[in-house]
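A short worksheet on the structure shown next.
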Amino acid sequence: MVKIIMHGCNGAMGQVISSLAEKDEELEIAAGIDLNPEQKNGYPVFSSLEECTVQADVIVDFASAKAVDHLLDYCGQTGMPVVLCTTGLSQEQIQKVSETAEKTAVLRSANMSLGVNLLLKMVKEAAKVLAAADFDIEILEKHHNQKVDAPSGTALALADSINEAMDQQYHYVYDRSSRREKRDKKEIGIQSVRGGSIVGEHDVIFAGQDEVITFSHTAYSKAIFAKGALSAAKFLKGKAAGLYTMADVIG
């Protein structure tokens, strides 16, 4: 049994994770942390980590970037493993993640979906063959009209995965409207669409002479991110200090 402290338990994702955990015999949400602890849950809720008196194996975080610094400080001091799902971190916070991972186990990924992380592996392998054969690479991502950042973290992670496979030869282009010139062979175009209630769609397009290969992933609900977070919690229990990703979870 893996006992979890849900950091940000009364947020949308916190509630989805809590609901899924109830149906998993290998997991238990032992306690929650939330600035609004009044909401009824099937476990005790505390307004801060310091107030929590419940023992657990791992923290799962789906709160906000503003709360990440304190969370990392707490985990570094106590040695509590943490699955860090909050996105939109600053470069300083990302550096702090690495520093915390020297003291305890930290798992952080741009996207917690198991499918997306498999896609990251697939496009890396595809790039070794197709980019080397002069295929152009484009990434198209679509999200709901409330998403404030563009491109998505997942689109950038896909580009980074391809670029890593190609020894960092590529640069990223987000807008071609300001210039009139042919496409650079060493660019990865990344385009964003915002509209309606689209949960998340990502297409990685390899366009060659007379043929096109497209890798696609569509998220139909936030539950896929919750499932990934719970798989990560199971994986992280008992792990030595270090920085882990969902690539470690899927093997």
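Residue numbering restarts at 1 for every chain of the structure tokens, chains are lettered A, B, ... in their displayed order, and ligands are numbered from 1 as they appear.
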
TODO: Report as a ChimeraX atom specification: the residues of region 47-243 of chain A with a DSSP assignment of helix (DSSP H, G or I), based on the backbone of this structure.
DONE: /A:65-78,91-100,114-133,153-165,223-236

Select from region 37-138 of chain A every residue with an atom at most 7 Å from any atom of region 209-228 of chain A, then for each give the shortest pair of atoms and their distance in Å to one decimal, using only C-alpha atoms, rows by chain and rising number, as a tab-separated table.
residue	atom	partner	partner_atom	distance
A:Met112	CA	A:Phe225	CA	4.9
A:Ser113	CA	A:Phe225	CA	4.8
A:Leu114	CA	A:Gly228	CA	5.6
A:Val116	CA	A:His217	CA	6.7

Okay, now the selection with N, CA and C atoms, as a PDB file, in the first residue's frame?
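What follows is the written file out-v5.pdb:
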ATOM      1  N   MET A 112       2.068  14.378 -17.303  1.00  0.00           N
ATOM      2  CA  MET A 112       1.995  13.156 -16.506  1.00  0.00           C
ATOM      3  C   MET A 112       1.305  12.004 -17.234  1.00  0.00           C
ATOM      4  N   SER A 113       0.789  12.244 -18.425  1.00  0.00           N
ATOM      5  CA  SER A 113       0.117  11.194 -19.178  1.00  0.00           C
ATOM      6  C   SER A 113       1.099  10.108 -19.596  1.00  0.00           C
ATOM      7  N   LEU A 114       0.722   8.856 -19.379  1.00  0.00           N
ATOM      8  CA  LEU A 114       1.560   7.734 -19.807  1.00  0.00           C
ATOM      9  C   LEU A 114       1.679   7.719 -21.328  1.00  0.00           C
ATOM     10  N   VAL A 116       1.514  10.308 -23.467  1.00  0.00           N
ATOM     11  CA  VAL A 116       2.397  11.371 -23.938  1.00  0.00           C
ATOM     12  C   VAL A 116       3.851  10.991 -23.717  1.00  0.00           C
TER      13      VAL A 116
END

- [ ] Pick out each residue of region 79-119 of chain A that DSSP on the backbone tags as strand (DSSP E); I need them as a count of residues only.
- [x] 7

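Minimum distance to Thr53 (chain A) across A:Ile5, A:Leu107, A:Leu20, A:Ala232 (counting only C-alpha atoms) occurs at A:Ile5.
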
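Using only C-alpha atoms, the shortest contact distance between Gln168 (chain A) and any of A:Ile139, A:Ala133, A:Ala127, A:Met122 is found at A:Ala127.
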
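Nearest to Arg183 (chain A) of all the residues A:Ser231, A:Arg108, A:Asp136, A:Ser197 is A:Asp136, counting only C-alpha atoms.
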